[in-house]
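Remarks on the structure that follows.
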Amino acid sequence: MTRDPLFDDLDLADLARRPGIKWRHAGPGNVAAWVADMDFAPPQPVTDAMVRLIEGGDLGYPEWLLVGTPLREAFAARMGARYGWDVPAGEVREHTDLIQGVQMVLHLATSPGDGVAVHTPCYPPFLATVEEMGRKRVDVPVRRTADGWDPNLAALDDAASGCRVLLLVNPHNPTGRVLTRDELAAVADIAHRHDLLVISDEIHAELVHAPHLHVPFASLGAHVAARTVTLNSASKAFNLAGLHCAVGHWGPPQLRARLDAHPSELFGGVSSLSVVATLAAWEHGDEWQRRLREVLRRNRDRVAAWLARRGGDDPLPEATYLYWFAARTLELRADDVVGVVTRDARVRLDGGPGFGSGHEGMLRLNLATAEPVLDELLRRLDTLRG
């Protein structure tokens with residue numbers, strides 16, 4: 001596709017002056033492609049909605065503190081329109097982010113020492129959360145096959161016998177794998193036989209590349225929804241992570257009642273700005289997102305072609321704007337591959353053991369940036385020669 005000025009007119013020097021963690025902590029003179037923020041400004045309707053709220057002068061306590069935010073109805077409508085999933089709005093709750101949602105579920109439904117199964121590699125804060133809360137992390141390594149990343153359902157079945165919870169990340173971060181309906185049905189069968197509570201992280205659901213399709217896990221049936229807490233947010237699909245706003249569909253009635261029995265202030269809540277921004281994204285951001293997905297697919301294919309030229313054969317991400325690949329493609333064998341790439345190529349990637357044991361030689365590249373920035377990033381990586 002041709003350049004899209006909405007996303008491709010970004011200057012490396014301007015990006016480097018941004019105050020957020022992605023660029024501020026990449027290191028001076030380095031290209032930032034590590035933390036999972038996009039470099040793109042959010043849709044204009046999102047900005048306009050926040051400006052209207054501020055200029056209206058009302059940043060006091062919102063009315064919805066008494067009745068729940070309008071996000072509940074909006075999320076239910078979006079799930080129905082996009083996936084045909086009938087979500088009762090009364091079962092939806094707000095969270096500041098997905099990590100908070102995971103922590104709330106573990107706090108309310110488990111005890112220290114309970115097993116939590118998780119596919120690895122995995123988003124590092126999830127792994128850290130399980131350990132910091134004193135739960136027993138049970139890794140289920142995904143398998144590399146000729147067809148791509150495989151969820152290793154046999155290993156999950158074995159691991160589930162010693163677990164209380166399955167933390168399911170679909171679409172998967174960092175591999176970009178999208179589970180099929182049949183695979184999800186098999187996961188649901190495992191969860192049923194082992195009586196697992198499922199926390200389903202679906203934050204990348206709206207960034208799936210055709211022909212793949214996202215299937216919400218809880219949409220498989222009422223019996224699946226009744227043991228599942230589905231967590232989602234507009235933060236990845238519209239680049240709003242700093243606003244701290246997420247939603248959760250709490251399918252298990254007893255667990256939802258336990259949540260509601262706690263004082264609402266105990267876990268903290270979402271802000272007025274985050275709510276109006278999320279609503280604006282969901283209601284008016286679809287055309288922006290359509291163009292975004294074209295840019296992300298173009299960038300993904302560009303990275304895939306570059307890796308292939310260097311002899312890489314890692315599976316193509318089916319979703320997200322993250323690319324998980326072996327450091328050997330860069331002719332690196334060092335223990336600290338992230339540090340070597342940062343030092344020698346002046347590119348900050350993510351990866352390594354933080355994503356789980358056995359992944360020391362893997363890297364994660366964030367490709368959600370402008371075309372010229374991505375070109376410079378790949379040019380710098382090309383300078384690495386062992």
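For the structure tokens, the naming scheme is as follows: chains receive sequential letters (A, B, ...) according to their order of presentation, residues are indexed from 1 within each chain, and ligands are indexed from 1 in presentation order.
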- A:Thr230 surroundings by only C-alpha atoms, 9 Å radius, close-in-sequence under 2 positions cut, as a list of chain:residue names: A:Val198, A:Ile199, A:Ser200, A:Asp201, A:Glu202, A:Pro216, A:Phe217, A:Ala218, A:Ala225, A:Thr228, A:Asn232, A:Val247, A:Gly248, A:His249, A:Trp250, A:Gly251
Keeping N, CA and C atoms, export the residues of the selection given above as a PDB file, in the first residue's frame.
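Contents of again.pdb, as written:
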```pdb
ATOM      1  N   VAL A 198     -11.341 -19.187  33.991  1.00  0.00           N
ATOM      2  CA  VAL A 198     -10.551 -18.676  32.872  1.00  0.00           C
ATOM      3  C   VAL A 198     -10.566 -17.152  32.886  1.00  0.00           C
ATOM      4  N   ILE A 199      -9.388 -16.565  32.875  1.00  0.00           N
ATOM      5  CA  ILE A 199      -9.234 -15.122  32.650  1.00  0.00           C
ATOM      6  C   ILE A 199      -8.794 -14.974  31.198  1.00  0.00           C
ATOM      7  N   SER A 200      -9.641 -14.393  30.382  1.00  0.00           N
ATOM      8  CA  SER A 200      -9.352 -14.292  28.959  1.00  0.00           C
ATOM      9  C   SER A 200      -8.974 -12.858  28.593  1.00  0.00           C
ATOM     10  N   ASP A 201      -7.698 -12.645  28.322  1.00  0.00           N
ATOM     11  CA  ASP A 201      -7.195 -11.339  27.881  1.00  0.00           C
ATOM     12  C   ASP A 201      -7.403 -11.232  26.374  1.00  0.00           C
ATOM     13  N   GLU A 202      -8.286 -10.328  25.958  1.00  0.00           N
ATOM     14  CA  GLU A 202      -8.605 -10.171  24.540  1.00  0.00           C
ATOM     15  C   GLU A 202      -8.345  -8.743  24.074  1.00  0.00           C
ATOM     16  N   PRO A 216     -14.402 -14.401  20.704  1.00  0.00           N
ATOM     17  CA  PRO A 216     -14.355 -14.246  22.162  1.00  0.00           C
ATOM     18  C   PRO A 216     -14.576 -15.599  22.840  1.00  0.00           C
ATOM     19  N   PHE A 217     -13.724 -15.915  23.787  1.00  0.00           N
ATOM     20  CA  PHE A 217     -13.795 -17.230  24.418  1.00  0.00           C
ATOM     21  C   PHE A 217     -15.161 -17.473  25.051  1.00  0.00           C
ATOM     22  N   ALA A 218     -15.689 -16.476  25.750  1.00  0.00           N
ATOM     23  CA  ALA A 218     -16.960 -16.647  26.446  1.00  0.00           C
ATOM     24  C   ALA A 218     -18.145 -16.756  25.495  1.00  0.00           C
ATOM     25  N   ALA A 225     -19.052 -19.001  29.383  1.00  0.00           N
ATOM     26  CA  ALA A 225     -19.104 -17.659  29.971  1.00  0.00           C
ATOM     27  C   ALA A 225     -19.216 -17.728  31.488  1.00  0.00           C
ATOM     28  N   THR A 228     -15.775 -17.709  33.009  1.00  0.00           N
ATOM     29  CA  THR A 228     -14.800 -16.855  32.333  1.00  0.00           C
ATOM     30  C   THR A 228     -14.965 -15.386  32.710  1.00  0.00           C
ATOM     31  N   ASN A 232     -10.924  -6.610  28.382  1.00  0.00           N
ATOM     32  CA  ASN A 232     -10.694  -5.931  27.110  1.00  0.00           C
ATOM     33  C   ASN A 232     -10.556  -4.432  27.361  1.00  0.00           C
ATOM     34  N   VAL A 247     -12.372  -2.791  30.564  1.00  0.00           N
ATOM     35  CA  VAL A 247     -13.638  -3.366  31.005  1.00  0.00           C
ATOM     36  C   VAL A 247     -13.466  -4.871  31.158  1.00  0.00           C
ATOM     37  N   GLY A 248     -14.327  -5.450  31.967  1.00  0.00           N
ATOM     38  CA  GLY A 248     -14.316  -6.892  32.139  1.00  0.00           C
ATOM     39  C   GLY A 248     -15.730  -7.429  32.146  1.00  0.00           C
ATOM     40  N   HIS A 249     -15.956  -8.505  31.395  1.00  0.00           N
ATOM     41  CA  HIS A 249     -17.221  -9.220  31.512  1.00  0.00           C
ATOM     42  C   HIS A 249     -17.017 -10.327  32.535  1.00  0.00           C
ATOM     43  N   TRP A 250     -17.665 -10.189  33.681  1.00  0.00           N
ATOM     44  CA  TRP A 250     -17.528 -11.140  34.786  1.00  0.00           C
ATOM     45  C   TRP A 250     -18.653 -12.155  34.664  1.00  0.00           C
ATOM     46  N   GLY A 251     -18.372 -13.245  33.965  1.00  0.00           N
ATOM     47  CA  GLY A 251     -19.401 -14.235  33.706  1.00  0.00           C
ATOM     48  C   GLY A 251     -19.835 -15.041  34.914  1.00  0.00           C
TER      49      GLY A 251
END
```
- From a DSSP calculation on the backbone, collect every residue of stretch 34-257 of chain A in helix (DSSP H, G or I) and output the set as JSON, numbers by chain. {"A": [44, 45, 46, 47, 48, 49, 50, 51, 52, 53, 54, 55, 63, 64, 65, 71, 72, 73, 74, 75, 76, 77, 78, 79, 80, 81, 82, 83, 89, 90, 91, 98, 99, 100, 101, 102, 103, 104, 105, 106, 107, 108, 109, 124, 125, 126, 127, 128, 129, 130, 131, 132, 153, 154, 155, 156, 157, 158, 159, 160, 181, 182, 183, 184, 185, 186, 187, 188, 189, 190, 191, 192, 193, 205, 206, 207, 217, 218, 219, 220, 222, 223, 224, 225, 235, 236, 237, 238, 241, 242, 243, 253, 254, 255, 256, 257]}
- Message: Please list as a count of residues only every residue within 10 Å of A:Val270, counting only C-alpha atoms and excluding residues in the same chain fewer than 4 positions away.
- Response: 13
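The closest residue to A:Arg164, picked from A:Val138, A:Leu196, A:Leu381, A:Ala280 and counting only C-alpha atoms, is A:Leu196.
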- If you count only C-alpha atoms, the residue of A:Met50, A:Phe355, A:Ser235, A:Met362 closest to A:Ala36 turns out to be A:Ser235
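Of the residues in stretch 182-380 of chain A, those that DSSP places in strand (DSSP E) on the basis of the backbone are Leu197, Val198, Ile199, Ser200, Asp201, Thr228, Val229, Thr230, Leu231, Asn232, Ala246, Val247, Gly248, His249, Trp250, Leu322, Tyr323, Trp324, Phe325, Ala326, Val347, Arg348, Asp350, Gly351, Met362, Leu363, Arg364, Leu365 and Asn366 of chain A.
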- Message: Applying 9 Å and only C-alpha atoms, which residues near A:Gln44 remain after dropping the ones on its own chain fewer than 5 positions away? List them as number ranges by chain.
- Response: A: 49, 285, 288
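For the choices A:Pro42, A:Pro19, A:Pro252, A:Gly60, the atom-to-atom distance to A:Glu91 is smallest for A:Pro252 when using only C-alpha atoms.
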- Which residues come within 12 Å of A:Val340, counting only C-alpha atoms, excluding same-chain residues fewer than 5 positions away, as a PyMOL selection string? chain A and resi 327+330-335+345-352+361+363+381+384-386
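With only C-alpha atoms taken into account, the protein and nucleic acid residues at most 7 Å from stretch 367-374 of chain A (excluding it and anything under 6 positions from it in its own chain) are Phe7, Asp8, Asp9, Leu10, Leu12, Ala33, Met38, Asp39, Phe40, Leu296, Asn299, Arg300, Tyr321 and Leu322 of chain A.
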Return as JSON lines the residues of stretch 24-136 of chain A lying at most 7 Å from stretch 165-177 of chain A, together with the closest atom-to-atom pair for each and the distance in Å to one decimal, counting only C-alpha atoms, with rows in chain order and ascending residue number.
```
{"residue": "A:Gly115", "atom": "CA", "partner": "A:Val165", "partner_atom": "CA", "distance": 6.6}
{"residue": "A:Val116", "atom": "CA", "partner": "A:Val165", "partner_atom": "CA", "distance": 4.8}
{"residue": "A:Ala117", "atom": "CA", "partner": "A:Leu166", "partner_atom": "CA", "distance": 4.8}
{"residue": "A:Val118", "atom": "CA", "partner": "A:Leu167", "partner_atom": "CA", "distance": 5.2}
{"residue": "A:Pro121", "atom": "CA", "partner": "A:Pro174", "partner_atom": "CA", "distance": 6.8}
{"residue": "A:Cys122", "atom": "CA", "partner": "A:Asn173", "partner_atom": "CA", "distance": 6.1}
{"residue": "A:Tyr123", "atom": "CA", "partner": "A:Asn173", "partner_atom": "CA", "distance": 5.9}
```
Save the residues we just selected, C-alpha atoms, as a short mmCIF file (atom, residue, chain, number, x, y, z; two decimals), in the first residue's frame?
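Output below, filename again26.cif:
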```cif
data_model
loop_
_atom_site.label_atom_id
_atom_site.label_comp_id
_atom_site.auth_asym_id
_atom_site.auth_seq_id
_atom_site.Cartn_x
_atom_site.Cartn_y
_atom_site.Cartn_z
CA GLY A 115 -1.88 -22.84 40.41
CA VAL A 116 -2.30 -20.49 37.44
CA ALA A 117 -1.65 -21.96 34.00
CA VAL A 118 -0.29 -19.58 31.37
CA PRO A 121 6.18 -16.82 26.15
CA CYS A 122 3.84 -14.33 27.77
CA TYR A 123 3.45 -10.62 28.42
#
```
